[in-house]
Amino acid sequence: MAATVYFDHNATTPVDPAVLEAMLPWFSERFGNASSRHEYGRAARQAVDEARRQVAAAVGAHATEVVFTSGGSEANNLFIKGAAASLKPGALAVSAVEHPSVIEPAAQLARRGWLLCRLAVDEQGRVDEAAYRQSLLSRPKLVSVMLANNETGVLQDVARLAQAARHCEAVFHTDGVQALGKTPLDFRALNACGVHALTVSAHKLGGPKGVGALVIDKGIELEALVAGGGQERGLRSGTENVAAIVGFGAACELAARRLAERAARLAALRQGLEDGLRAQGAIIFGGEARRLPNTVCFALAGFDGETLITHLDRAGYALASGAACSSAHPEPSHVLKAMGVSDGLARGAVRMSLGTGNTQEQVDAFLIALRDTAAKLRQLTALAVS
Amino acid sequence: MAYSEKVLDHYENPRNAGSFGKDEEGVATGMVGAPACGDVMKLQIKVGKDGVIEDARFKTYGCGSAIASSSLVTEWVKGKTLDQALEIKNSQIAEELALPPVKIHCSILAEDAIRAAVADYWKKQGGG
Amino acid sequence: MLKLPIYLDNSATTPVDPRVAEKMIPYLTEKFGNPASRSHAYGWEAEAAVEEARAEVARLIHADPKEIIWTSGATESDNLAIKGAAHFYSGKGRHLITVKTEHKAVLDSCRELERQGFEVSYLDVQENGLIDLDVFKAALRPDTTLVSVMFVNNEIGVIQPIAEIGEICRDKGIVFHVDATQAPGKLPIDLATLKVDLMSVTAHKVYGPKGIGALYARRKPRVRIEAQMHGGGHERGFRSGTLPVHQIVGMGEAFRLAREEMGAENERIRKLRDRLLDGISSIEQVYVNGDMEQRVPHNLNVSFAYVEGESMLMAIKDLAVSSGSACTSASLEPSYVLRALGRDDELAHSSIRFTIGRFNTEEEIDFAVKLLREKIGKLRDLSPLWEMAQEGVDLNAVQWAAH
């Protein structure tokens with residue numbers, strides 16, 4: 001197990017030791033309920049407030065705009081359903097490559113009388129601008145386009161898309177779960193361009209699972225999904241998950257501090273990786289687009305992704321075939337499909353996502369393992385055919 | 001609830017807590033608030049022949065801020081004429097004790113207590 | 001030397017048991033996988049840990065692991081159960097029954113359904129905090145689809161007649177949800193015999209971590225709910241979102257410890273609670289709120305007449321206790337639970353909840369008793385109401401100027 005090299009950081013990341021250290025006291029001696037008025041409660045409240053400031057600082061928002069949730073999926077649900085609840089049904093537009101926690105709530109709204117426009121993407125995975133402008137003619141009331149795709153790492157020009165939607169007076173949301181900690185994020189600047197809400201999560205950047213946030217412009221009306229108790233300005237009831245929130249704050253602060261250095265290091269690692277992959281004949285999805293510095297989604301023509309991954313797992317490399325969250329589904333990725341990738345090629349897709357712990361040596365060794373695995377599989381297939 | 005130093009001080013060491021005998025010369029009582037609202041203040045003043053408040057006592061059922069507000073008021077009214085006492089405003093009490101917005105009603109109640117005590121004094125004078 | 005303040009607020013939250021924390025930590029660091037990752041050992045290891053924890057949670061309440069859905073806590077479980085079932089069965093009827101002393105998570109979920117056109121009956125309770133079964137039966141209607149009653153009240157610790165209500169609901173084909181936030185580890189819960197269809201539980205009241213809870217959803221006979229959180233299809237589609245493995249592992253371990261230790265622990269806690277009650281019963285005009293028989297051993301809720309709750313909390317700041325429930329204590333309203341018992345406002349304002357836990361000691365209880373005796377006396381000396389009562393004035397007959 002320890003020998004396995006982890007190349008699946010877009011699925012989740014280990015908690016950074018400094019983050020763990022920040023969290024631990026909140027399990028034991030500082031265990032209070034942030035709603036309690038005694039010393040234990042007040043200490044917990046202060047810790048939640050401090051973490052709120054840290055998260056806000058990392059995304060360029062004001063602390064009062066941060067609503068803590070149980071994670072990115074809940075934040076996406078909260079935005080889509082919560083914003084829709086205070087509106088009369090109309091059109092809503094979401095990109096075809098969104099995470100299921102955006103797509104499924106949007107599909108729910110469609111069953112309740114909303115008109116759902118799925119924004120097409122080009123072959124590089126970027127929202128197609130002509131098609132986008134076309135869909136704005138239906139004057140969507142809600143728009144959601146992610147900052148960075150979890151499978152391909154492709155970045156969307158969210159600021160520009162939001163600008164273009166301004167005349168519709170649409171409420172514009174962006175899922176920043178994969179972007180946070182990997183690429184600069186400035187909610188104030190996005191907000192100035194017409195972005196009203198942003199989803200972030202802790203466990204993709206060295207924080208704990210079980211906590212995320214919806215950063216939301218206070219001018220936007222939102223109905224809570226979880227009622228009862230009135231925590232988080234009434235937008236999310238339930239006892240605050242203090243330790244996880246503290247961990248989220250600490251992870252944000254660390255990530256913000258290390259961002260530039262980390263992004264440069266990951267980009268360099270990935271460059272070598274992609275050169276090596278291309279040399280082996282791999283196709284890199286979204287390879288021409290601006291992408292997160294850590295993500296490569298590739299296919300080796302003629303190889304089934306699942307098979308490749310299974311063999312590479314045995315060789316000591318942890319990779320993903322589609323998005324971790326939807327990898328229960330055997331169907332090819334909806335993201336690649338939207339990019340016009342054929343089902344056959346999409347079935348070959350392998351996602352590698354690099355992280356803090358990965359080194360040049362690991363990447364080099366991986367390229368050799370991949371070549372050997374491919375050779376072995378070719379031999380097996382050849383044997384089977386003959 | 002975080003209390004200011006001054007609230008804590010009045011709470012720990014209430015000034016002029018207690019009661020005067022009802023029939024004592026020059027004593028008037030103001031009782032304001034209601035148990036249902038979570039605070040009741042009783043302010044008593046002892047007024048001299050010259051119309052100056054010589055002494056004051058309070059008893060308060062309520063939160064720390066309510067107790068501190070009434071304790072403070074007993075100090076402030078002493079040595080004042082009735083008219084001067086009526087000039088004490090809730091905002092001054094709130095400021096002195098650094099009350100948070102949710103506790104402003106305590107200072108209002110304390111101001112009301114002064115009015116009620118003075119009114120009681122006048123009523124007794126008029127009646128007697 | 002005692003560590004102050006002494007924590008007597010274990011119904012608000014509990015510390016994570018060190019044994020639980022120890023089990024959790026590896027799942028934050030080296031065993032950090034996402035259980036939804038199907039292609040490598042990090043994911044499999046995480047998934048195995050999640051399933052082991054699920055089995056532990058199920059074991060404590062005598063359920064099948066397949067009947068456990070992870071959520072972020074009891075508040076979310078209550079929302080999922082009530083809104084999820086009400087919507088799923090809305091074709092059958094749109095009437096719900098709950099109780100006035102329920103937690104806000106239940107009451108606010110019901111209010112939301114009312115805004116959507118459902119009808120909700122909010123039952124009164126008796127003076128002892130328990131619901132009257134005849135009142136309950138009278139509230140049933142042909143279009144009643146869902147009943148939600150809490151197992152153990154968070155403020156006064158009384159245990160509602162869940163078995164009896166369950167029988168009635170099952171007989172009439174009504175879905176029965178139980179908010180059991182305060183129950184696990186405090187009394188035996190046997191879902192093999194109780195006719196409960198949906199039950200909310202949480203970890204952080206049982207020495208587990210915050211941020212994790214579960215909804216029990218019965219499979220035989222099967223209860224249906226509409227998911228409230230979508231995307232990714234986790235938890236068989238009932239609740240999407242990456243599973244917080246370390247918290248889940250913590251909940252599993254906390255429930256395992258509760259199962260193994262609750263017998264002895266509750267006897268010890270009952271003795272401490274009785275010691276506290278004995279110690280303060282020499283104070284005049286102390287009233288226990290809620291039934292003392294149908295009650296968990298951890299809870300003592302008392303009103304110290306003529307002393308206001310908040311000033312009381314200040315006077316006894318060496319004790320971490322609550323007046324009213326932790327979740328509503330930001331408001332200045334007297335506890336709606338105590339009001340529902342018919343306590344007048346003055347007594348409701350004067351109430352303090354002591355909830356004793358695994359880590360409290362006899363020495364701490366003795367300290368609390370001494371402090372209470374001293375401070376109640378001091379505050380009563382300051383209280384005009386106490387003075388009036390001593391003089392024989394009937395406070396209810398006084399015309400108070402409301403403000």
# chains A, B, ... in the order shown; residues from 1 in each chain; ligands from 1

call {"tool": "interface_residues", "arguments": {"of": "chain A", "to": "chain C", "cutoff": "6 Å", "atoms": "only C-alpha atoms", "output": "PyMOL selection string"}}
result
chain A and resi 12+14-15+27-28+31+33+35-36+38+73+100-101+104-105+209-210+226-229+238+241+313+318+320+324-326

call {"tool": "select_by_dssp", "arguments": {"residues": "chain B", "states": "helix (DSSP H, G or I)", "output": "MDAnalysis selection string"}}
result
chainID B and resid 5:12 35:37 64:77 82:86 90:97 101:127

call {"tool": "write_last_selection", "arguments": {"atoms": "C-alpha atoms", "output": "mmCIF file, in the first residue's frame"}}
result
data_model
loop_
_atom_site.group_PDB
_atom_site.id
_atom_site.type_symbol
_atom_site.label_atom_id
_atom_site.label_comp_id
_atom_site.auth_asym_id
_atom_site.auth_seq_id
_atom_site.Cartn_x
_atom_site.Cartn_y
_atom_site.Cartn_z
ATOM 1 C CA GLU B 5 -15.406 44.714 31.962
ATOM 2 C CA LYS B 6 -17.776 47.305 33.391
ATOM 3 C CA VAL B 7 -20.802 45.030 33.171
ATOM 4 C CA LEU B 8 -18.841 42.309 34.884
ATOM 5 C CA ASP B 9 -17.730 44.685 37.604
ATOM 6 C CA HIS B 10 -21.267 45.864 38.368
ATOM 7 C CA TYR B 11 -22.498 42.322 38.225
ATOM 8 C CA GLU B 12 -19.847 40.972 40.579
ATOM 9 C CA PRO B 35 -41.136 38.304 34.276
ATOM 10 C CA ALA B 36 -42.365 37.106 30.901
ATOM 11 C CA CYS B 37 -39.822 39.322 29.172
ATOM 12 C CA GLY B 64 -26.065 40.611 33.678
ATOM 13 C CA SER B 65 -26.551 43.705 31.556
ATOM 14 C CA ALA B 66 -29.863 44.457 33.248
ATOM 15 C CA ILE B 67 -28.291 44.098 36.668
ATOM 16 C CA ALA B 68 -25.346 46.294 35.653
ATOM 17 C CA SER B 69 -27.624 48.939 34.112
ATOM 18 C CA SER B 70 -29.666 49.274 37.269
ATOM 19 C CA SER B 71 -26.621 49.189 39.522
ATOM 20 C CA LEU B 72 -25.059 51.983 37.465
ATOM 21 C CA VAL B 73 -28.222 54.035 37.620
ATOM 22 C CA THR B 74 -28.283 53.963 41.433
ATOM 23 C CA GLU B 75 -24.836 55.551 41.389
ATOM 24 C CA TRP B 76 -25.743 58.127 38.798
ATOM 25 C CA VAL B 77 -28.976 59.368 40.359
ATOM 26 C CA LEU B 82 -35.330 64.735 40.148
ATOM 27 C CA ASP B 83 -35.183 66.757 36.969
ATOM 28 C CA GLN B 84 -31.499 66.047 36.564
ATOM 29 C CA ALA B 85 -32.151 62.355 37.134
ATOM 30 C CA LEU B 86 -34.717 62.391 34.375
ATOM 31 C CA ASN B 90 -30.453 55.062 27.954
ATOM 32 C CA SER B 91 -27.786 55.810 25.356
ATOM 33 C CA GLN B 92 -25.481 57.115 28.113
ATOM 34 C CA ILE B 93 -26.024 53.942 30.109
ATOM 35 C CA ALA B 94 -25.419 51.755 27.079
ATOM 36 C CA GLU B 95 -22.283 53.658 26.221
ATOM 37 C CA GLU B 96 -20.881 53.579 29.736
ATOM 38 C CA LEU B 97 -21.388 49.822 29.960
ATOM 39 C CA PRO B 101 -27.066 45.917 20.399
ATOM 40 C CA VAL B 102 -29.010 42.910 21.730
ATOM 41 C CA LYS B 103 -28.702 44.343 25.239
ATOM 42 C CA ILE B 104 -29.791 47.919 24.549
ATOM 43 C CA HIS B 105 -33.223 47.081 25.946
ATOM 44 C CA CYS B 106 -31.592 46.728 29.382
ATOM 45 C CA SER B 107 -30.493 50.345 29.306
ATOM 46 C CA ILE B 108 -33.943 51.413 28.132
ATOM 47 C CA LEU B 109 -35.445 49.552 31.043
ATOM 48 C CA ALA B 110 -33.086 51.324 33.450
ATOM 49 C CA GLU B 111 -34.128 54.696 32.067
ATOM 50 C CA ASP B 112 -37.760 53.640 32.443
ATOM 51 C CA ALA B 113 -37.060 52.681 36.045
ATOM 52 C CA ILE B 114 -35.839 56.213 36.812
ATOM 53 C CA ARG B 115 -38.996 57.681 35.266
ATOM 54 C CA ALA B 116 -41.179 55.272 37.185
ATOM 55 C CA ALA B 117 -39.477 56.049 40.498
ATOM 56 C CA VAL B 118 -39.720 59.810 39.956
ATOM 57 C CA ALA B 119 -43.349 59.475 38.913
ATOM 58 C CA ASP B 120 -44.028 57.498 42.060
ATOM 59 C CA TYR B 121 -42.370 60.218 44.127
ATOM 60 C CA TRP B 122 -44.502 62.923 42.543
ATOM 61 C CA LYS B 123 -47.619 60.850 42.967
ATOM 62 C CA LYS B 124 -46.862 60.353 46.635
ATOM 63 C CA GLN B 125 -46.114 64.062 47.100
ATOM 64 C CA GLY B 126 -49.273 65.049 45.298
ATOM 65 C CA GLY B 127 -51.322 62.520 47.198
#

call {"tool": "closest_residue", "arguments": {"among": "A:His203, A:Arg126, A:Arg30, A:Lys81", "to": "Ala289 in chain A", "atoms": "only C-alpha atoms"}}
result
A:Arg126

call {"tool": "interface_residues", "arguments": {"of": "chain C", "to": "chain B", "cutoff": "8 Å", "atoms": "only C-alpha atoms", "output": "ChimeraX atom specification"}}
result
/C:306-312,314,333-334,344-346,349,381-385,400-403

call {"tool": "atom_distance", "arguments": {"atom1": "CA of Ala18 in chain A", "atom2": "CA of Gln271 in chain A"}}
result
28.9 Å

call {"tool": "closest_atom_pairs", "arguments": {"of": "chain A", "to": "chain B", "cutoff": "12 Å", "atoms": "only C-alpha atoms", "output": "Markdown table"}}
result
| residue | atom | partner | partner_atom | distance |
| --- | --- | --- | --- | --- |
| A:Ala34 | CA | B:Met1 | CA | 11.9 |
| A:Ser35 | CA | B:Met1 | CA | 10.5 |
| A:Ser36 | CA | B:Met1 | CA | 9.2 |
| A:Arg37 | CA | B:Met1 | CA | 5.7 |
| A:His38 | CA | B:Met1 | CA | 7.6 |
| A:Glu39 | CA | B:Met1 | CA | 9.2 |
| A:Tyr40 | CA | B:Met1 | CA | 11.8 |
| A:Gly41 | CA | B:Met1 | CA | 9.8 |
| A:Arg42 | CA | B:Met1 | CA | 7.9 |
| A:Ala43 | CA | B:Ala2 | CA | 11.3 |
| A:Arg45 | CA | B:Met1 | CA | 11.1 |
| A:Gln46 | CA | B:Ala2 | CA | 11.8 |

call {"tool": "write_last_selection", "arguments": {"atoms": "C-alpha atoms", "output": "JSON list (two decimals), in the first residue's frame"}}
result
[["chain", "number", "residue", "atom", "x", "y", "z"],
["A", 34, "ALA", "CA", -20.31, 26.93, 18.46],
["A", 35, "SER", "CA", -23.90, 27.81, 19.41],
["A", 36, "SER", "CA", -23.29, 27.38, 23.13],
["A", 37, "ARG", "CA", -22.77, 30.56, 25.10],
["A", 38, "HIS", "CA", -20.24, 29.26, 27.58],
["A", 39, "GLU", "CA", -16.49, 29.34, 27.21],
["A", 40, "TYR", "CA", -16.36, 26.10, 25.20],
["A", 41, "GLY", "CA", -18.95, 27.43, 22.79],
["A", 42, "ARG", "CA", -17.39, 30.85, 22.43],
["A", 43, "ALA", "CA", -13.99, 29.34, 21.64],
["A", 45, "ARG", "CA", -17.45, 30.23, 17.53],
["A", 46, "GLN", "CA", -14.22, 32.23, 17.34]]

call {"tool": "atom_distance", "arguments": {"atom1": "CA of Pro25 in chain A", "atom2": "CA of Lys205 in chain C"}}
result
17.5 Å

call {"tool": "residues_around", "arguments": {"residues": "range 144-157 of chain A", "least_positions_apart": "3", "cutoff": "6 Å", "atoms": "only C-alpha atoms", "output": "list in words"}}
result
Val94, Ser95, Arg126, Arg160, Phe172, His173, Thr174, Asp175, Gly176, Gln178, Ala179, Arg290, Arg291, Leu292, Thr295, Cys297 and Ala323 of chain A

call {"tool": "residues_around", "arguments": {"residues": "range 64-66 of chain C", "least_positions_apart": "4", "cutoff": "9 Å", "atoms": "only C-alpha atoms", "output": "VMD selection string"}}
result
chain C and resid 51 54 to 59 216 to 219

call {"tool": "select_by_dssp", "arguments": {"residues": "range 58-191 of chain A", "states": "strand (DSSP E or B)", "output": "list in words"}}
result
Val66, Val67, Phe68, Thr69, Ala91, Leu92, Ala93, Val94, Ser95, Leu115, Leu116, Cys117, Arg118, Leu119, Val121, Val127, Leu142, Val143, Ser144, Ala148, Val154, Leu155, Val171, Phe172, His173, Thr174 and Asp175 of chain A

call {"tool": "write_last_selection", "arguments": {"atoms": "N, CA and C atoms", "output": "compact mmCIF listing (two decimals), in the first residue's frame"}}
result
# COMPACT_ATOMS: atom_id res chain seq x y z
N VAL A 66 -19.24 33.89 3.01
CA VAL A 66 -18.91 32.46 3.05
C VAL A 66 -19.96 31.69 3.86
N VAL A 67 -20.60 30.72 3.23
CA VAL A 67 -21.57 29.86 3.91
C VAL A 67 -20.97 28.45 3.95
N PHE A 68 -20.66 27.96 5.14
CA PHE A 68 -20.08 26.62 5.23
C PHE A 68 -21.15 25.54 5.00
N THR A 69 -20.75 24.51 4.27
CA THR A 69 -21.63 23.37 3.98
C THR A 69 -20.85 22.09 4.28
N ALA A 91 -35.61 29.75 -17.72
CA ALA A 91 -34.53 28.97 -18.31
C ALA A 91 -33.35 28.92 -17.36
N LEU A 92 -32.61 27.82 -17.37
CA LEU A 92 -31.32 27.80 -16.69
C LEU A 92 -30.31 27.14 -17.61
N ALA A 93 -29.08 27.64 -17.54
CA ALA A 93 -28.04 27.14 -18.44
C ALA A 93 -26.88 26.60 -17.62
N VAL A 94 -26.51 25.35 -17.88
CA VAL A 94 -25.32 24.80 -17.24
C VAL A 94 -24.46 24.15 -18.32
N SER A 95 -23.16 24.18 -18.11
CA SER A 95 -22.31 23.61 -19.15
C SER A 95 -22.45 22.10 -19.15
N LEU A 115 -36.62 25.32 -17.98
CA LEU A 115 -36.09 24.96 -19.28
C LEU A 115 -34.58 24.85 -19.16
N LEU A 116 -34.05 23.64 -19.33
CA LEU A 116 -32.62 23.42 -19.12
C LEU A 116 -31.85 23.51 -20.44
N CYS A 117 -30.90 24.47 -20.51
CA CYS A 117 -30.00 24.54 -21.66
C CYS A 117 -28.66 23.97 -21.23
N ARG A 118 -28.21 22.94 -21.93
CA ARG A 118 -26.88 22.40 -21.67
C ARG A 118 -25.90 23.08 -22.61
N LEU A 119 -24.98 23.82 -22.03
CA LEU A 119 -24.07 24.60 -22.86
C LEU A 119 -23.03 23.69 -23.49
N VAL A 121 -19.67 22.41 -25.41
CA VAL A 121 -18.25 22.77 -25.34
C VAL A 121 -17.58 22.40 -26.66
N VAL A 127 -16.38 26.04 -23.08
CA VAL A 127 -17.74 26.39 -23.47
C VAL A 127 -17.69 27.12 -24.82
N LEU A 142 -30.66 31.44 -14.26
CA LEU A 142 -29.53 30.87 -13.55
C LEU A 142 -28.54 30.32 -14.56
N VAL A 143 -27.25 30.57 -14.31
CA VAL A 143 -26.21 30.01 -15.16
C VAL A 143 -25.16 29.40 -14.25
N SER A 144 -24.67 28.22 -14.60
CA SER A 144 -23.58 27.64 -13.83
C SER A 144 -22.54 27.05 -14.77
N ALA A 148 -12.87 25.00 -13.31
CA ALA A 148 -11.92 24.01 -13.81
C ALA A 148 -12.59 22.65 -13.79
N VAL A 154 -9.53 21.33 -17.70
CA VAL A 154 -9.72 22.47 -18.60
C VAL A 154 -10.38 23.63 -17.85
N LEU A 155 -9.80 24.83 -18.04
CA LEU A 155 -10.30 26.03 -17.37
C LEU A 155 -11.28 26.75 -18.29
N VAL A 171 -28.49 34.99 -12.47
CA VAL A 171 -27.64 34.73 -11.32
C VAL A 171 -26.61 33.71 -11.80
N PHE A 172 -25.34 34.07 -11.69
CA PHE A 172 -24.27 33.27 -12.29
C PHE A 172 -23.45 32.59 -11.20
N HIS A 173 -23.32 31.29 -11.33
CA HIS A 173 -22.59 30.49 -10.34
C HIS A 173 -21.44 29.76 -11.00
N THR A 174 -20.36 29.59 -10.24
CA THR A 174 -19.26 28.80 -10.78
C THR A 174 -18.77 27.81 -9.72
N ASP A 175 -18.54 26.59 -10.16
CA ASP A 175 -18.04 25.53 -9.28
C ASP A 175 -16.52 25.62 -9.31

call {"tool": "residues_around", "arguments": {"residues": "Gly26 in chain B", "least_positions_apart": "6", "cutoff": "7 Å", "atoms": "only C-alpha atoms", "output": "short mmCIF file (atom, residue, chain, number, x, y, z; two decimals) with N, CA and C atoms, in the first residue's frame"}}
result
data_model
loop_
_atom_site.label_atom_id
_atom_site.label_comp_id
_atom_site.auth_asym_id
_atom_site.auth_seq_id
_atom_site.Cartn_x
_atom_site.Cartn_y
_atom_site.Cartn_z
N LYS B 46 -34.41 57.76 47.42
CA LYS B 46 -34.76 58.44 48.68
C LYS B 46 -34.46 59.91 48.45
N VAL B 47 -35.53 60.70 48.49
CA VAL B 47 -35.39 62.11 48.11
C VAL B 47 -35.41 62.98 49.38
N GLY B 48 -34.45 63.88 49.46
CA GLY B 48 -34.37 64.76 50.62
C GLY B 48 -35.37 65.91 50.52
#

call {"tool": "residues_around", "arguments": {"residues": "Gly93 in chain C", "least_positions_apart": "6", "cutoff": "7 Å", "atoms": "only C-alpha atoms", "output": "number ranges by chain"}}
result
C: 143-145

call {"tool": "closest_residue", "arguments": {"among": "C:Gly213, C:Gly166, C:Gly252, C:Pro142", "to": "Ala180 in chain C", "atoms": "only C-alpha atoms"}}
result
C:Gly213
